[in-house]
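Trainee: I'd like to ask some things about the structure below.
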Amino acid sequence: MPRNVKGFTLVEILVTAIILSLAITGMLMSFVYTQVIIINNTHKVNASFIMNQEFEEVQRRSIPIEVENWINESYKRIYSLPASSAGLTNYKVTLKDLGDIVTYDAGTLKHVYAAVTLDGKRILEGEMLSSIQE
């Protein structure tokens with residue numbers, strides 16, 4: 001004799017709970033991962049801004065001794081820029097003189113390497129050529 005039972009069985013409740021917990025966990029992990037990507041990209045944008053500013057300063061100085069002084073003093077420069085809601089983040093820049101390149105028509109070019117670091121981790125690095133007076 002079949003009974004007229006209303007409600008859910010224990011198996012149905014457990015399966016529903018497992019499916020909901022998997023869906024919620026997946027959504028939470030995607031939010032956390034998205035936040036990490038946003039922070040990393042913010043650091044890269046800030047590092048790009050810093051590197052561009054450093055390269056412009058090298059190009060602004062056309063006398064060799066001024067360029068060398070700017071490069072040699074780079075380890076002292078720390079940029080504080082906003083990277084998250086926690087406040088300012090300190091980025092360190094390092095410039096290295098990779099030598100001079102003598103050309104026939106453009107004069108002497110200074111080959112400069114730059115690296116921007118955050119907490120000892122290199123975020124961005126690049127190189128540039130800048131014309132200098134002889």
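Following the order of the structure tokens, first chain is A, next is B, and so on, with residues numbered from 1 inside each chain and ligands from 1 in the order they appear.
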Using DSSP on the backbone coordinates, identify the residues of chain A assigned to strand (DSSP E or B); present them as JSON, numbers by chain.
Mentor: {"A": [78, 79, 80, 81, 82, 83, 84, 87, 88, 89, 90, 91, 92, 93, 94, 95, 96, 97, 98, 99, 100, 101, 102, 108, 109, 110, 111, 112, 113, 114, 115, 116, 117, 118, 121, 122, 123, 124, 125, 126, 127, 128, 129, 130, 131, 132]}
Trainee: Store the residues picked out above, limited to C-alpha atoms, as a short mmCIF file (atom, residue, chain, number, x, y, z; two decimals), in the first residue's frame.
Mentor:
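Resulting contents of part.cif:
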data_model
loop_
_atom_site.label_atom_id
_atom_site.label_comp_id
_atom_site.auth_asym_id
_atom_site.auth_seq_id
_atom_site.Cartn_x
_atom_site.Cartn_y
_atom_site.Cartn_z
CA ILE A 78 61.18 55.15 -4.18
CA TYR A 79 57.81 56.01 -5.66
CA SER A 80 54.67 55.85 -3.51
CA LEU A 81 51.56 55.31 -5.60
CA PRO A 82 48.05 54.06 -4.79
CA ALA A 83 47.58 50.40 -5.70
CA SER A 84 44.72 49.32 -3.48
CA GLY A 87 46.79 53.09 0.84
CA LEU A 88 50.07 53.85 -0.92
CA THR A 89 52.46 51.21 -2.20
CA ASN A 90 56.21 51.82 -2.41
CA TYR A 91 57.89 50.91 -5.70
CA LYS A 92 61.66 50.86 -6.07
CA VAL A 93 63.35 51.66 -9.39
CA THR A 94 66.81 50.57 -10.48
CA LEU A 95 68.60 51.91 -13.55
CA LYS A 96 71.71 50.37 -15.06
CA ASP A 97 74.02 51.82 -17.68
CA LEU A 98 74.51 49.18 -20.40
CA GLY A 99 77.07 51.27 -22.25
CA ASP A 100 77.28 53.73 -25.11
CA ILE A 101 76.54 53.04 -28.75
CA VAL A 102 78.33 55.23 -31.25
CA THR A 108 76.28 58.65 -29.16
CA LEU A 109 73.36 56.72 -27.72
CA LYS A 110 73.18 55.71 -24.05
CA HIS A 111 71.78 52.20 -23.53
CA VAL A 112 69.86 52.13 -20.24
CA TYR A 113 68.15 49.23 -18.43
CA ALA A 114 65.39 49.82 -15.86
CA ALA A 115 63.66 47.53 -13.39
CA VAL A 116 60.78 48.35 -11.06
CA THR A 117 60.39 46.16 -7.98
CA LEU A 118 57.83 45.79 -5.23
CA LYS A 121 59.78 41.13 -6.67
CA ARG A 122 60.51 42.47 -10.14
CA ILE A 123 57.28 43.73 -11.68
CA LEU A 124 58.49 45.30 -14.89
CA GLU A 125 61.77 45.75 -16.73
CA GLY A 126 62.77 47.47 -19.94
CA GLU A 127 65.55 49.07 -21.94
CA MET A 128 65.91 52.32 -23.87
CA LEU A 129 68.35 54.23 -26.02
CA SER A 130 68.87 57.92 -25.36
CA SER A 131 70.99 60.36 -27.34
CA ILE A 132 73.64 62.26 -25.37
#
Trainee: Find the residue from A:Thr34, A:Lys6, A:Ser48, A:Phe55 that sits nearest to Val67 of chain A; use only C-alpha atoms when measuring.
Mentor: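 Checking each of A:Thr34, A:Lys6, A:Ser48, A:Phe55 against Val67 of chain A, counting only C-alpha atoms, the winner is A:Phe55.
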Trainee: Would you work out the distance separating atom CA of Thr16 of chain A from atom CA of Leu28 of chain A, expressed in Å to one decimal?
Mentor: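 Result for atom CA of Thr16 of chain A versus atom CA of Leu28 of chain A: 18.2 Å, one decimal.
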Trainee: Give the alpha helix (DSSP H) residues of segment 36-130 of chain A, as assigned by DSSP on the backbone, as a PyMOL selection string.
Mentor: chain A and resi 36-60+64-72
Trainee: For those residues, write N, CA and C atoms to a file as a tab-separated table (two decimals), in the first residue's frame.
Mentor:
chain	number	residue	atom	x	y	z
A	36	VAL	N	42.78	39.44	-7.31
A	36	VAL	CA	44.23	39.27	-7.46
A	36	VAL	C	44.69	39.80	-8.82
A	37	ILE	N	43.95	39.52	-9.87
A	37	ILE	CA	44.29	40.00	-11.21
A	37	ILE	C	44.25	41.53	-11.25
A	38	ILE	N	43.24	42.12	-10.64
A	38	ILE	CA	43.12	43.58	-10.62
A	38	ILE	C	44.31	44.21	-9.90
A	39	ILE	N	44.69	43.66	-8.76
A	39	ILE	CA	45.83	44.20	-8.00
A	39	ILE	C	47.12	44.06	-8.79
A	40	ASN	N	47.35	42.89	-9.40
A	40	ASN	CA	48.57	42.69	-10.19
A	40	ASN	C	48.64	43.64	-11.37
A	41	ASN	N	47.52	43.84	-12.05
A	41	ASN	CA	47.50	44.76	-13.18
A	41	ASN	C	47.71	46.21	-12.73
A	42	THR	N	47.19	46.56	-11.57
A	42	THR	CA	47.43	47.90	-11.03
A	42	THR	C	48.91	48.10	-10.77
A	43	HIS	N	49.58	47.10	-10.22
A	43	HIS	CA	51.02	47.19	-9.99
A	43	HIS	C	51.78	47.35	-11.30
A	44	LYS	N	51.37	46.63	-12.32
A	44	LYS	CA	52.05	46.74	-13.62
A	44	LYS	C	51.84	48.11	-14.26
A	45	VAL	N	50.64	48.65	-14.13
A	45	VAL	CA	50.37	49.99	-14.66
A	45	VAL	C	51.22	51.02	-13.92
A	46	ASN	N	51.28	50.92	-12.59
A	46	ASN	CA	52.10	51.84	-11.82
A	46	ASN	C	53.57	51.71	-12.18
A	47	ALA	N	54.05	50.47	-12.34
A	47	ALA	CA	55.44	50.24	-12.72
A	47	ALA	C	55.73	50.81	-14.10
A	48	SER	N	54.80	50.69	-15.01
A	48	SER	CA	54.96	51.26	-16.35
A	48	SER	C	55.05	52.78	-16.28
A	49	PHE	N	54.22	53.39	-15.46
A	49	PHE	CA	54.26	54.84	-15.26
A	49	PHE	C	55.63	55.27	-14.71
A	50	ILE	N	56.12	54.54	-13.72
A	50	ILE	CA	57.41	54.88	-13.10
A	50	ILE	C	58.54	54.73	-14.11
A	51	MET	N	58.54	53.62	-14.84
A	51	MET	CA	59.61	53.39	-15.82
A	51	MET	C	59.59	54.46	-16.91
A	52	ASN	N	58.42	54.82	-17.37
A	52	ASN	CA	58.31	55.86	-18.38
A	52	ASN	C	58.85	57.18	-17.85
A	53	GLN	N	58.53	57.51	-16.61
A	53	GLN	CA	59.01	58.74	-16.01
A	53	GLN	C	60.54	58.72	-15.88
A	54	GLU	N	61.10	57.59	-15.49
A	54	GLU	CA	62.56	57.48	-15.37
A	54	GLU	C	63.23	57.64	-16.74
A	55	PHE	N	62.68	56.99	-17.76
A	55	PHE	CA	63.26	57.11	-19.10
A	55	PHE	C	63.16	58.55	-19.61
A	56	GLU	N	62.07	59.23	-19.32
A	56	GLU	CA	61.95	60.62	-19.73
A	56	GLU	C	62.98	61.50	-19.03
A	57	GLU	N	63.26	61.19	-17.78
A	57	GLU	CA	64.29	61.95	-17.05
A	57	GLU	C	65.67	61.70	-17.66
A	58	VAL	N	65.94	60.48	-18.08
A	58	VAL	CA	67.22	60.19	-18.73
A	58	VAL	C	67.31	60.97	-20.04
A	59	GLN	N	66.24	60.98	-20.82
A	59	GLN	CA	66.26	61.69	-22.10
A	59	GLN	C	66.36	63.20	-21.90
A	60	ARG	N	65.82	63.71	-20.82
A	60	ARG	CA	65.88	65.15	-20.55
A	60	ARG	C	67.31	65.60	-20.27
A	64	PRO	N	76.55	63.86	-20.58
A	64	PRO	CA	76.86	62.52	-20.07
A	64	PRO	C	76.97	62.42	-18.56
A	65	ILE	N	77.58	63.39	-17.89
A	65	ILE	CA	77.75	63.30	-16.44
A	65	ILE	C	76.40	63.39	-15.72
A	66	GLU	N	75.46	64.19	-16.27
A	66	GLU	CA	74.12	64.27	-15.69
A	66	GLU	C	73.38	62.94	-15.83
A	67	VAL	N	73.52	62.32	-16.99
A	67	VAL	CA	72.88	61.03	-17.22
A	67	VAL	C	73.46	59.98	-16.28
A	68	GLU	N	74.77	59.95	-16.15
A	68	GLU	CA	75.41	58.97	-15.27
A	68	GLU	C	75.01	59.18	-13.81
A	69	ASN	N	74.94	60.43	-13.37
A	69	ASN	CA	74.51	60.72	-12.00
A	69	ASN	C	73.08	60.27	-11.76
A	70	TRP	N	72.21	60.52	-12.72
A	70	TRP	CA	70.80	60.11	-12.57
A	70	TRP	C	70.70	58.59	-12.48
A	71	ILE	N	71.46	57.89	-13.30
A	71	ILE	CA	71.45	56.42	-13.29
A	71	ILE	C	72.03	55.90	-11.98
A	72	ASN	N	73.15	56.46	-11.54
A	72	ASN	CA	73.80	55.97	-10.32
A	72	ASN	C	73.01	56.26	-9.05
Trainee: Can you tell me how far atom CA of Glu12 of chain A sits from atom CA of Thr25 of chain A, in Å to one decimal?
Mentor: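 Computing it gives 19.9 Å between the two atoms.
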Trainee: Work out how far atom CA of Ile18 of chain A is from atom CA of Ser30 of chain A, in Å to one decimal.
Mentor: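 We find that atom CA of Ser30 of chain A and atom CA of Ile18 of chain A lie 18.4 Å from each other.
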